[in-house]
$ cat model-v3.cif   # mmCIF, C-alpha atoms and all ligand atoms
data_protein
#
loop_
_atom_site.label_atom_id
_atom_site.label_comp_id
_atom_site.auth_asym_id
_atom_site.auth_seq_id
_atom_site.Cartn_x
_atom_site.Cartn_y
_atom_site.Cartn_z
CA SER J 1 7.93 -21.06 12.73
CA MET J 2 9.54 -22.06 9.44
CA LYS J 3 6.30 -23.69 8.33
CA ASP J 4 4.46 -20.39 8.89
CA LYS J 5 7.12 -18.51 6.94
CA ILE J 6 6.75 -20.90 4.02
CA ILE J 7 2.99 -20.62 3.92
CA GLN J 8 3.24 -16.85 4.32
CA ARG J 9 5.51 -16.72 1.27
CA PHE J 10 3.04 -18.77 -0.82
CA LEU J 11 0.08 -16.65 0.28
CA LEU J 12 1.91 -13.48 -0.72
CA ALA J 13 2.67 -15.05 -4.12
CA ARG J 14 -1.12 -15.15 -4.69
CA GLY J 15 -1.13 -18.36 -6.71
CA GLU J 16 2.11 -17.76 -8.64
CA PRO J 17 4.60 -20.66 -8.56
CA ILE J 18 7.76 -20.45 -6.44
CA SER J 19 10.77 -22.62 -7.11
CA GLY J 20 12.12 -24.88 -4.38
CA GLN J 21 15.59 -23.39 -4.85
CA GLN J 22 14.32 -19.84 -4.46
CA LEU J 23 12.46 -20.75 -1.27
CA ALA J 24 15.50 -22.55 0.11
CA ASP J 25 17.70 -19.50 -0.61
CA GLU J 26 15.23 -17.01 0.87
CA LEU J 27 14.72 -18.99 4.05
CA GLY J 28 18.25 -20.26 4.42
CA ILE J 29 17.38 -23.96 4.59
CA SER J 30 17.96 -26.93 2.26
CA ARG J 31 15.65 -27.97 -0.58
CA THR J 32 15.07 -31.25 1.23
CA ALA J 33 13.94 -29.33 4.31
CA ILE J 34 11.55 -27.29 2.14
CA TRP J 35 10.14 -30.47 0.62
CA LYS J 36 9.57 -31.96 4.09
CA HIS J 37 7.74 -28.85 5.25
CA LEU J 38 5.52 -28.97 2.15
CA GLN J 39 4.66 -32.59 3.02
CA THR J 40 3.58 -31.56 6.51
CA LEU J 41 1.55 -28.68 5.12
CA GLN J 42 -0.21 -31.09 2.71
CA ASP J 43 -1.15 -33.21 5.72
CA GLU J 44 -2.69 -30.10 7.30
CA GLY J 45 -4.88 -29.45 4.28
CA TYR J 46 -2.79 -27.15 2.10
CA GLU J 47 -2.65 -28.32 -1.51
CA PHE J 48 0.33 -27.73 -3.79
CA ILE J 49 0.89 -28.70 -7.38
CA THR J 50 4.29 -29.00 -9.03
CA ILE J 51 4.81 -27.05 -12.22
CA LYS J 52 7.71 -28.17 -14.41
CA LYS J 53 10.73 -25.84 -14.28
CA LYS J 54 8.77 -23.33 -12.20
CA GLY J 55 8.31 -24.96 -8.84
CA TYR J 56 5.38 -25.27 -6.49
CA ARG J 57 2.05 -23.55 -6.71
CA LEU J 58 -0.33 -23.26 -3.75
CA VAL J 59 -3.79 -24.17 -5.07
CA SER J 60 -5.90 -24.43 -1.97
CA VAL J 61 -5.68 -23.54 1.68
CA PRO J 62 -7.60 -25.02 4.59
CA ASP J 63 -10.46 -22.81 5.70
CA ARG J 64 -8.91 -21.60 8.95
CA VAL J 65 -8.37 -18.30 10.71
CA ASP J 66 -4.82 -18.99 11.81
CA ALA J 67 -1.95 -16.53 12.10
CA ALA J 68 -0.56 -17.21 8.62
CA ARG J 69 -3.90 -16.60 6.90
CA ILE J 70 -4.72 -13.45 8.88
CA SER J 71 -1.22 -12.00 8.54
CA SER J 72 -1.33 -12.39 4.76
CA TYR J 73 -4.09 -9.74 4.70
CA LEU J 74 -2.95 -7.62 7.64
CA ASN J 75 -2.23 -3.93 7.16
CA THR J 76 -2.03 -2.44 10.66
CA LYS J 77 0.54 -0.73 12.88
CA ARG J 78 -0.08 -2.81 16.04
CA PHE J 79 -3.35 -4.73 16.02
CA GLY J 80 -3.06 -8.40 15.16
CA HIS J 81 0.74 -8.40 15.28
CA THR J 82 0.50 -11.07 17.98
CA ILE J 83 -2.06 -13.80 17.26
CA HIS J 84 -2.96 -16.65 19.61
CA TYR J 85 -4.83 -19.21 17.51
CA PHE J 86 -6.71 -22.23 18.85
CA GLU J 87 -8.78 -25.02 17.33
CA GLU J 88 -11.10 -25.12 20.33
CA VAL J 89 -11.45 -23.05 23.47
CA ASP J 90 -13.98 -22.58 26.23
CA SER J 91 -14.09 -18.82 25.57
CA THR J 92 -11.52 -16.55 23.92
CA GLN J 93 -12.35 -14.01 26.65
CA SER J 94 -10.91 -16.13 29.48
CA ILE J 95 -7.71 -16.86 27.56
CA ALA J 96 -7.34 -13.18 26.71
CA GLN J 97 -7.90 -12.24 30.34
CA GLN J 98 -4.98 -14.39 31.42
CA LEU J 99 -2.77 -13.04 28.63
CA ALA J 100 -3.70 -9.47 29.55
CA ARG J 101 -2.82 -10.12 33.20
CA ASP J 102 0.51 -11.50 32.03
CA GLY J 103 1.22 -8.27 30.16
CA ALA J 104 0.06 -8.96 26.57
CA LYS J 105 0.68 -6.04 24.25
CA ASP J 106 -1.95 -3.63 22.91
CA GLY J 107 -3.63 -5.22 19.88
CA THR J 108 -2.90 -8.85 20.78
CA ILE J 109 -5.66 -11.16 19.56
CA VAL J 110 -7.01 -14.52 20.65
CA ILE J 111 -9.00 -16.37 17.99
CA ALA J 112 -10.50 -19.85 17.80
CA GLU J 113 -12.31 -22.09 15.32
CA GLU J 114 -14.77 -23.16 17.99
CA GLN J 115 -15.92 -22.06 21.44
CA THR J 116 -17.56 -24.57 23.72
CA GLY J 117 -18.48 -21.95 26.34
CA GLY J 118 -18.80 -18.74 24.30
CA LYS J 119 -20.49 -16.06 26.33
CA GLY J 120 -22.64 -13.00 25.76
CA ARG J 121 -23.51 -10.32 28.28
CA MET J 122 -24.86 -11.29 31.69
CA GLN J 123 -23.69 -14.90 31.36
CA ARG J 124 -25.90 -15.58 28.34
CA PRO J 125 -24.57 -18.17 25.88
CA TRP J 126 -22.94 -17.22 22.60
CA TYR J 127 -23.17 -20.07 20.09
CA SER J 128 -19.88 -20.48 18.27
CA ALA J 129 -20.14 -23.23 15.67
CA LYS J 130 -16.88 -24.86 14.58
CA GLY J 131 -15.18 -23.26 11.59
CA LYS J 132 -18.19 -21.11 10.74
CA GLY J 133 -17.59 -17.79 12.42
CA ILE J 134 -15.14 -15.32 13.84
CA TRP J 135 -14.73 -15.91 17.55
CA MET J 136 -12.09 -13.47 18.68
CA THR J 137 -10.96 -11.25 21.53
CA VAL J 138 -8.80 -8.20 20.96
CA ILE J 139 -6.78 -7.03 23.95
CA ILE J 140 -6.43 -3.26 23.92
CA ARG J 141 -4.70 -0.98 26.37
CA PRO J 142 -6.00 2.53 25.71
CA ASN J 143 -5.28 5.32 28.16
CA ILE J 144 -8.86 5.91 29.36
CA LEU J 145 -10.83 6.00 32.62
CA PRO J 146 -12.93 3.02 33.79
CA HIS J 147 -16.27 4.78 33.18
CA GLN J 148 -15.36 5.21 29.49
CA ALA J 149 -15.03 1.47 28.85
CA PRO J 150 -18.58 0.96 27.47
CA GLN J 151 -17.81 3.49 24.73
CA LEU J 152 -15.32 1.02 23.29
CA THR J 153 -18.25 -1.29 22.50
CA LEU J 154 -19.61 1.45 20.26
CA VAL J 155 -16.19 2.02 18.71
CA ALA J 156 -16.00 -1.72 17.97
CA ALA J 157 -19.51 -1.69 16.47
CA VAL J 158 -18.53 1.11 14.08
CA SER J 159 -15.40 -0.85 13.15
CA LEU J 160 -17.42 -3.99 12.39
CA VAL J 161 -19.92 -2.26 10.11
CA SER J 162 -17.13 -0.34 8.35
CA ALA J 163 -15.25 -3.58 7.64
CA MET J 164 -18.41 -5.31 6.40
CA LYS J 165 -19.36 -2.40 4.15
CA THR J 166 -15.88 -2.41 2.62
CA LEU J 167 -15.93 -6.13 1.81
CA TYR J 168 -19.58 -6.95 1.07
CA LYS J 169 -22.03 -5.24 -1.24
CA ASN J 170 -25.27 -7.22 -1.06
CA PHE J 171 -26.51 -6.00 2.31
CA ILE J 172 -26.31 -3.07 4.70
CA PRO J 173 -25.30 -3.90 8.29
CA GLU J 174 -26.91 -1.88 11.08
CA ILE J 175 -25.99 -1.25 14.71
CA LYS J 176 -28.52 -1.95 17.42
CA TRP J 177 -27.46 -0.15 20.60
CA PRO J 178 -25.25 -1.06 22.29
CA ASN J 179 -23.62 -4.25 21.02
CA ASP J 180 -25.49 -5.96 18.19
CA ILE J 181 -24.89 -5.89 14.46
CA LEU J 182 -28.03 -6.72 12.52
CA ILE J 183 -28.61 -7.54 8.88
CA ASN J 184 -32.20 -7.27 7.69
CA GLY J 185 -33.31 -7.18 11.31
CA LYS J 186 -31.46 -10.34 12.35
CA LYS J 187 -28.39 -10.61 14.55
CA CYS J 188 -25.20 -11.47 12.73
CA ALA J 189 -22.68 -10.25 15.31
CA GLY J 190 -22.33 -9.36 18.97
CA ILE J 191 -19.72 -7.55 21.01
CA LEU J 192 -18.76 -8.18 24.63
CA THR J 193 -16.45 -5.65 26.28
CA GLU J 194 -14.81 -6.63 29.55
CA MET J 195 -12.38 -4.58 31.61
CA LEU J 196 -9.33 -5.20 33.74
CA ALA J 197 -9.14 -2.17 35.98
CA GLU J 198 -8.08 -0.72 39.26
CA MET J 199 -10.08 1.98 41.03
CA ASP J 200 -9.11 4.81 38.70
CA ARG J 201 -7.13 3.20 35.94
CA VAL J 202 -7.88 0.84 33.04
CA ASP J 203 -5.26 -1.90 32.74
CA GLY J 204 -6.77 -3.37 29.63
CA LEU J 205 -9.97 -4.03 27.76
CA LEU J 206 -11.06 -7.32 26.23
CA ILE J 207 -13.09 -6.62 23.12
CA GLY J 208 -14.91 -9.88 22.39
CA ILE J 209 -16.22 -10.08 18.85
CA GLY J 210 -18.49 -12.86 17.62
CA ILE J 211 -19.54 -12.86 13.97
CA ASN J 212 -21.64 -15.43 12.16
CA ALA J 213 -19.76 -15.69 8.87
CA ASN J 214 -20.37 -18.92 6.96
CA HIS J 215 -23.36 -20.36 8.80
CA GLU J 216 -26.30 -21.90 6.98
CA LEU J 217 -29.53 -21.55 8.92
CA ASP J 218 -29.30 -25.07 10.37
CA ASP J 219 -25.83 -24.38 11.78
CA PHE J 220 -27.64 -22.34 14.45
CA PRO J 221 -29.37 -23.97 17.42
CA GLU J 222 -33.12 -24.04 16.87
CA ASP J 223 -33.91 -21.48 19.55
CA ILE J 224 -32.10 -18.70 17.68
CA GLN J 225 -32.85 -19.66 14.06
CA SER J 226 -35.54 -17.00 13.81
CA ILE J 227 -33.38 -14.18 15.23
CA ALA J 228 -29.92 -15.00 13.85
CA THR J 229 -28.30 -14.70 10.44
CA SER J 230 -24.83 -14.92 8.89
CA ILE J 231 -22.91 -12.87 6.36
CA ALA J 232 -22.92 -15.81 3.91
CA ILE J 233 -26.71 -16.08 4.11
CA GLU J 234 -27.15 -12.35 3.42
CA GLU J 235 -24.30 -11.92 0.93
CA LYS J 236 -25.22 -15.18 -0.82
CA GLN J 237 -21.55 -16.09 -0.95
CA LYS J 238 -18.97 -17.71 1.31
CA VAL J 239 -16.81 -15.41 3.40
CA ASP J 240 -13.02 -15.41 3.63
CA ARG J 241 -12.92 -15.15 7.42
CA ALA J 242 -9.20 -14.28 7.62
CA GLN J 243 -9.74 -11.35 5.27
CA LEU J 244 -12.64 -10.10 7.38
CA VAL J 245 -10.57 -10.38 10.58
CA ALA J 246 -7.80 -8.28 9.01
CA GLU J 247 -10.28 -5.67 7.80
CA ILE J 248 -11.88 -5.42 11.25
CA LEU J 249 -8.46 -5.01 12.92
CA LYS J 250 -7.63 -2.20 10.51
CA TYR J 251 -10.76 -0.22 11.39
CA LEU J 252 -10.61 -1.10 15.08
CA GLU J 253 -7.06 0.23 15.35
CA HIS J 254 -7.96 3.35 13.41
CA TYR J 255 -11.14 4.21 15.32
CA THR J 256 -9.67 3.32 18.73
CA ASP J 257 -6.76 5.69 18.07
CA GLU J 258 -9.18 8.38 16.92
CA TYR J 259 -11.33 7.83 20.01
CA VAL J 260 -8.37 8.06 22.38
CA ALA J 261 -7.14 11.23 20.65
CA ASN J 262 -10.45 13.05 20.20
CA GLY J 263 -13.11 11.35 22.33
CA PHE J 264 -16.35 9.65 21.38
CA ALA J 265 -17.73 12.72 19.61
CA ALA J 266 -15.39 11.85 16.72
CA ILE J 267 -16.97 8.40 16.28
CA LYS J 268 -20.54 9.41 17.08
CA ARG J 269 -21.43 10.64 13.58
CA LEU J 270 -20.50 7.26 12.05
CA TRP J 271 -22.32 5.43 14.81
CA VAL J 272 -25.56 7.38 14.29
CA GLU J 273 -25.31 6.94 10.51
CA HIS J 274 -25.35 3.13 10.86
CA SER J 275 -27.73 2.87 13.78
CA CYS J 276 -31.15 1.25 13.51
CA THR J 277 -32.07 2.32 17.04
CA ILE J 278 -32.28 6.11 16.80
CA GLY J 279 -35.70 7.50 15.89
CA LYS J 280 -37.48 4.25 16.78
CA ARG J 281 -39.92 3.47 19.53
CA ILE J 282 -38.14 1.05 21.84
CA LYS J 283 -38.43 -0.85 25.06
CA ALA J 284 -35.27 -0.83 27.19
CA THR J 285 -34.76 -3.31 29.99
CA THR J 286 -32.07 -2.37 32.49
CA ILE J 287 -31.14 -4.26 35.65
CA ARG J 288 -33.49 -1.99 37.59
CA GLU J 289 -36.49 -1.32 35.33
CA THR J 290 -38.12 -1.42 31.91
CA VAL J 291 -38.87 1.84 30.13
CA GLU J 292 -40.60 2.60 26.82
CA GLY J 293 -40.24 5.58 24.57
CA GLU J 294 -38.51 6.99 21.51
CA ALA J 295 -34.74 6.59 21.19
CA ILE J 296 -33.77 10.15 20.32
CA GLY J 297 -29.99 9.92 20.26
CA ILE J 298 -26.77 9.09 22.04
CA THR J 299 -24.71 11.57 24.03
CA ASP J 300 -21.05 12.41 23.49
CA GLU J 301 -20.39 9.71 26.09
CA GLY J 302 -22.29 7.05 24.12
CA VAL J 303 -25.23 7.00 26.52
CA LEU J 304 -28.64 6.28 24.96
CA GLU J 305 -31.34 8.94 25.41
CA ILE J 306 -34.98 7.89 25.46
CA LEU J 307 -37.89 10.33 25.30
CA LEU J 308 -40.55 8.88 27.61
CA ASP J 309 -44.27 9.40 27.03
CA ASP J 310 -44.45 11.93 29.89
CA GLY J 311 -41.87 14.12 28.14
CA GLN J 312 -39.02 13.21 30.44
CA ILE J 313 -35.66 12.24 28.88
CA LYS J 314 -34.16 9.11 30.34
CA LYS J 315 -30.45 8.29 30.00
CA VAL J 316 -29.64 4.60 29.70
CA TYR J 317 -26.09 3.33 30.25
CA SER J 318 -26.66 -0.37 29.73
CA ALA J 319 -29.76 -2.31 28.68
CA ASP J 320 -31.38 -4.80 26.36
CA ILE J 321 -33.38 -3.13 23.64
CA GLU J 322 -36.50 -4.29 21.85
CA ILE J 323 -37.44 -2.36 18.74
C1 LIG J 401 -23.51 -10.57 22.77
O1 LIG J 401 -24.18 -10.77 23.96
O2 LIG J 401 -24.05 -10.36 21.72
C2 LIG J 401 -22.00 -10.65 22.87
C3 LIG J 401 -21.43 -11.80 22.08
C4 LIG J 401 -19.92 -11.84 22.15
C5 LIG J 401 -19.34 -13.10 21.61
C6 LIG J 401 -17.84 -13.07 21.51
S1 LIG J 401 -17.20 -14.40 20.60
C7 LIG J 401 -15.60 -14.06 21.11
C8 LIG J 401 -15.69 -13.65 22.56
N1 LIG J 401 -15.61 -14.82 23.41
C9 LIG J 401 -16.74 -15.02 24.09
O3 LIG J 401 -16.95 -15.95 24.90
N2 LIG J 401 -17.63 -14.05 23.79
C10 LIG J 401 -17.09 -13.10 22.84
P1 LIG J 401 -25.74 -10.52 24.20
O4 LIG J 401 -26.13 -9.17 23.70
O5 LIG J 401 -25.93 -10.82 25.63
O6 LIG J 401 -26.45 -11.59 23.30
C11 LIG J 401 -26.56 -12.94 23.68
C12 LIG J 401 -27.82 -13.49 23.03
O7 LIG J 401 -27.67 -13.56 21.61
C13 LIG J 401 -28.15 -14.91 23.46
O8 LIG J 401 -28.97 -14.92 24.61
C14 LIG J 401 -28.90 -15.50 22.25
O9 LIG J 401 -30.25 -15.14 22.26
C15 LIG J 401 -28.27 -14.75 21.08
N3 LIG J 401 -27.22 -15.53 20.42
C16 LIG J 401 -26.38 -16.45 20.94
N4 LIG J 401 -25.53 -16.91 20.01
C17 LIG J 401 -25.82 -16.25 18.87
C18 LIG J 401 -25.29 -16.27 17.55
N5 LIG J 401 -24.25 -17.04 17.20
N6 LIG J 401 -25.87 -15.46 16.63
C19 LIG J 401 -26.89 -14.64 16.95
N7 LIG J 401 -27.44 -14.59 18.17
C20 LIG J 401 -26.91 -15.36 19.13
#

$ encode --input "model-v3.cif" --output "structure tokens"
Amino acid sequence: SMKDKIIQRFLLARGEPISGQQLADELGISRTAIWKHLQTLQDEGYEFITIKKKGYRLVSVPDRVDAARISSYLNTKRFGHTIHYFEEVDSTQSIAQQLARDGAKDGTIVIAEEQTGGKGRMQRPWYSAKGKGIWMTVIIRPNILPHQAPQLTLVAAVSLVSAMKTLYKNFIPEIKWPNDILINGKKCAGILTEMLAEMDRVDGLLIGIGINANHELDDFPEDIQSIATSIAIEEKQKVDRAQLVAEILKYLEHYTDEYVANGFAAIKRLWVEHSCTIGKRIKATTIRETVEGEAIGITDEGVLEILLDDGQIKKVYSADIEI
């Protein structure tokens, strides 16, 4: 919309003033129309000041992860080029599922300020406090076989830690197989990969990404306060969520393309480098059983290998891990 274009223009100006006349010329509308749009934007929480002879300067933006804010940081070929933004949803996964069925393009994202029914694996809840985190689903359409889908969780995990390491310097994020990102042993992000598939063909994957960004400890429900953390808590500074979203999309596009071209082996080195699972004694609970042993590695398919006490090597495709 025109409003988005105006805000986009101000965000790209990075705090420099823009004259009303210049904006009107660039966008092909009248100065009065520009002024009216600025009024509406003020009502939405954007703040402008007028500088004599120079025009308007954007001095503060509402803390939101909408399309205008994300796009102002975006540097990708496909991912994030279509953004569906919501104030509140049940779960971004269900909206993405419908969009994927209706033919949404590779790299389309669904993102919300708040989820009232955010979900983890196996119907567990995912707490998604309003305005505090990144609650997003990326629809991807890679040319892969259904049995490869879980590997995309590992590709997403590598993308998340790479983005965090680029932007933040006060902590080191680690991957706990298969879908957790931990900081100092506490969970700061989770990934949920769901698949739309026919017998032998993947129609699309829904990469659900939940990241605790600006939470204080008491923004978490009591039952997870001892196991959860946020980037702001660990970095000791507030996070620009839109910037983090753009950074994640950059890595996710890059590593997904690399994975599709060269297989998981290409991503495995990075995964192992950031893993806190390998080399540890763990307890793995699958749907069928619980096994204990040393996590000795992952295969080129992303399957976890556990050395049991009797010397046998057990391959685990999906499980909950205790370290
Ligand atoms: C996950 O499941 O970690 C996957 C989380 C995926 C969330 C994203 S948000 C966008 C998209 N839309 C959705 O509806 N979901 C995806 P799992 O490994 O099953 O972990 C779930 C467990 O983590 C819960 O049982 C809690 O113990 C814990 N938990 C819940 N909310 C949390 C939070 N905000 N931070 C840390 N831990 C949490």

$ residues_near_ligand --input "model-v3.cif" --ligand "ligand LIG 401 (chain J)" --cutoff "8 Å" --atoms "only C-alpha atoms and all ligand atoms" --output "PDB file with C-alpha atoms, in the coordinates of the input"
ATOM      1  CA  ASP J  90     -13.980 -22.580  26.230  1.00  0.00           C
ATOM      2  CA  SER J  91     -14.090 -18.820  25.570  1.00  0.00           C
ATOM      3  CA  THR J  92     -11.520 -16.550  23.920  1.00  0.00           C
ATOM      4  CA  GLN J  93     -12.350 -14.010  26.650  1.00  0.00           C
ATOM      5  CA  SER J  94     -10.910 -16.130  29.480  1.00  0.00           C
ATOM      6  CA  ILE J 111      -9.000 -16.370  17.990  1.00  0.00           C
ATOM      7  CA  GLN J 115     -15.920 -22.060  21.440  1.00  0.00           C
ATOM      8  CA  GLY J 117     -18.480 -21.950  26.340  1.00  0.00           C
ATOM      9  CA  GLY J 118     -18.800 -18.740  24.300  1.00  0.00           C
ATOM     10  CA  LYS J 119     -20.490 -16.060  26.330  1.00  0.00           C
ATOM     11  CA  GLY J 120     -22.640 -13.000  25.760  1.00  0.00           C
ATOM     12  CA  ARG J 121     -23.510 -10.320  28.280  1.00  0.00           C
ATOM     13  CA  MET J 122     -24.860 -11.290  31.690  1.00  0.00           C
ATOM     14  CA  GLN J 123     -23.690 -14.900  31.360  1.00  0.00           C
ATOM     15  CA  ARG J 124     -25.900 -15.580  28.340  1.00  0.00           C
ATOM     16  CA  PRO J 125     -24.570 -18.170  25.880  1.00  0.00           C
ATOM     17  CA  TRP J 126     -22.940 -17.220  22.600  1.00  0.00           C
ATOM     18  CA  TYR J 127     -23.170 -20.070  20.090  1.00  0.00           C
ATOM     19  CA  SER J 128     -19.880 -20.480  18.270  1.00  0.00           C
ATOM     20  CA  ALA J 129     -20.140 -23.230  15.670  1.00  0.00           C
ATOM     21  CA  ILE J 134     -15.140 -15.320  13.840  1.00  0.00           C
ATOM     22  CA  TRP J 135     -14.730 -15.910  17.550  1.00  0.00           C
ATOM     23  CA  MET J 136     -12.090 -13.470  18.680  1.00  0.00           C
ATOM     24  CA  THR J 137     -10.960 -11.250  21.530  1.00  0.00           C
ATOM     25  CA  ASN J 179     -23.620  -4.250  21.020  1.00  0.00           C
ATOM     26  CA  ASP J 180     -25.490  -5.960  18.190  1.00  0.00           C
ATOM     27  CA  LYS J 186     -31.460 -10.340  12.350  1.00  0.00           C
ATOM     28  CA  LYS J 187     -28.390 -10.610  14.550  1.00  0.00           C
ATOM     29  CA  CYS J 188     -25.200 -11.470  12.730  1.00  0.00           C
ATOM     30  CA  ALA J 189     -22.680 -10.250  15.310  1.00  0.00           C
ATOM     31  CA  GLY J 190     -22.330  -9.360  18.970  1.00  0.00           C
ATOM     32  CA  ILE J 191     -19.720  -7.550  21.010  1.00  0.00           C
ATOM     33  CA  LEU J 192     -18.760  -8.180  24.630  1.00  0.00           C
ATOM     34  CA  ILE J 207     -13.090  -6.620  23.120  1.00  0.00           C
ATOM     35  CA  GLY J 208     -14.910  -9.880  22.390  1.00  0.00           C
ATOM     36  CA  ILE J 209     -16.220 -10.080  18.850  1.00  0.00           C
ATOM     37  CA  GLY J 210     -18.490 -12.860  17.620  1.00  0.00           C
ATOM     38  CA  ILE J 211     -19.540 -12.860  13.970  1.00  0.00           C
ATOM     39  CA  ASN J 212     -21.640 -15.430  12.160  1.00  0.00           C
ATOM     40  CA  PHE J 220     -27.640 -22.340  14.450  1.00  0.00           C
ATOM     41  CA  ASP J 223     -33.910 -21.480  19.550  1.00  0.00           C
ATOM     42  CA  ILE J 224     -32.100 -18.700  17.680  1.00  0.00           C
ATOM     43  CA  ILE J 227     -33.380 -14.180  15.230  1.00  0.00           C
ATOM     44  CA  ALA J 228     -29.920 -15.000  13.850  1.00  0.00           C
ATOM     45  CA  THR J 229     -28.300 -14.700  10.440  1.00  0.00           C
ATOM     46  CA  SER J 230     -24.830 -14.920   8.890  1.00  0.00           C
ATOM     47  CA  ASP J 320     -31.380  -4.800  26.360  1.00  0.00           C
TER      48      ASP J 320
END

$ closest_residue --input "model-v3.cif" --among "J:Thr299, J:Thr193, J:Thr40, J:Ser71" --to "Gly263 of chain J" --atoms "all atoms listed in the file"
J:Thr299

$ closest_residue --input "model-v3.cif" --among "J:Ile282, J:Leu182, J:Val303, J:Val239" --to "Thr153 of chain J" --atoms "all atoms listed in the file"
J:Val303

$ residues_near_point --input "model-v3.cif" --point "(-22.9, -23.7, 7.0)" --cutoff "10 Å" --atoms "all atoms listed in the file" --output "list in words"
Ala129, Lys130, Gly131, Lys132, Gly133, Asn212, Ala213, Asn214, His215, Glu216, Leu217, Asp218, Asp219, Phe220, Ser230, Ala232, Ile233 and Lys238 of chain J

$ closest_residue --input "model-v3.cif" --among "J:Phe86, J:Tyr46, J:Tyr73, J:Tyr259" --to "Gln243 of chain J" --atoms "all atoms listed in the file"
J:Tyr73

$ build_atoms --input "model-v3.cif" --residues "segment 128-143 of chain J" --atoms "N, CA and C atoms" --output "mmCIF file, keeping the file's coordinate frame"
data_model
loop_
_atom_site.group_PDB
_atom_site.id
_atom_site.type_symbol
_atom_site.label_atom_id
_atom_site.label_comp_id
_atom_site.auth_asym_id
_atom_site.auth_seq_id
_atom_site.Cartn_x
_atom_site.Cartn_y
_atom_site.Cartn_z
ATOM 1 N N SER J 128 -21.086 -20.691 19.074
ATOM 2 C CA SER J 128 -19.880 -20.480 18.270
ATOM 3 C C SER J 128 -19.533 -21.742 17.498
ATOM 4 N N ALA J 129 -20.288 -22.000 16.435
ATOM 5 C CA ALA J 129 -20.140 -23.230 15.670
ATOM 6 C C ALA J 129 -18.744 -23.356 15.067
ATOM 7 N N LYS J 130 -18.244 -24.572 15.042
ATOM 8 C CA LYS J 130 -16.880 -24.860 14.580
ATOM 9 C C LYS J 130 -16.643 -24.453 13.123
ATOM 10 N N GLY J 131 -15.622 -23.624 12.942
ATOM 11 C CA GLY J 131 -15.180 -23.260 11.590
ATOM 12 C C GLY J 131 -16.119 -22.350 10.826
ATOM 13 N N LYS J 132 -17.188 -21.885 11.474
ATOM 14 C CA LYS J 132 -18.190 -21.110 10.740
ATOM 15 C C LYS J 132 -18.065 -19.605 10.939
ATOM 16 N N GLY J 133 -17.531 -19.224 12.106
ATOM 17 C CA GLY J 133 -17.590 -17.790 12.420
ATOM 18 C C GLY J 133 -16.257 -17.200 12.781
ATOM 19 N N ILE J 134 -16.312 -15.971 13.277
ATOM 20 C CA ILE J 134 -15.140 -15.320 13.840
ATOM 21 C C ILE J 134 -15.383 -15.199 15.329
ATOM 22 N N TRP J 135 -14.609 -15.922 16.090
ATOM 23 C CA TRP J 135 -14.730 -15.910 17.550
ATOM 24 C C TRP J 135 -13.402 -15.387 18.065
ATOM 25 N N MET J 136 -13.379 -14.108 18.400
ATOM 26 C CA MET J 136 -12.090 -13.470 18.680
ATOM 27 C C MET J 136 -12.175 -12.445 19.786
ATOM 28 N N THR J 137 -11.078 -12.319 20.541
ATOM 29 C CA THR J 137 -10.960 -11.250 21.530
ATOM 30 C C THR J 137 -9.738 -10.421 21.203
ATOM 31 N N VAL J 138 -9.920 -9.112 21.176
ATOM 32 C CA VAL J 138 -8.800 -8.200 20.960
ATOM 33 C C VAL J 138 -8.475 -7.543 22.300
ATOM 34 N N ILE J 139 -7.223 -7.674 22.714
ATOM 35 C CA ILE J 139 -6.780 -7.030 23.950
ATOM 36 C C ILE J 139 -6.297 -5.632 23.602
ATOM 37 N N ILE J 140 -6.927 -4.609 24.193
ATOM 38 C CA ILE J 140 -6.430 -3.260 23.920
ATOM 39 C C ILE J 140 -6.099 -2.572 25.246
ATOM 40 N N ARG J 141 -5.162 -1.665 25.160
ATOM 41 C CA ARG J 141 -4.700 -0.980 26.370
ATOM 42 C C ARG J 141 -4.730 0.536 26.149
ATOM 43 N N PRO J 142 -5.930 1.082 25.934
ATOM 44 C CA PRO J 142 -6.000 2.530 25.710
ATOM 45 C C PRO J 142 -5.870 3.279 27.041
ATOM 46 N N ASN J 143 -5.411 4.501 26.957
ATOM 47 C CA ASN J 143 -5.280 5.320 28.160
ATOM 48 C C ASN J 143 -6.609 6.031 28.411
#
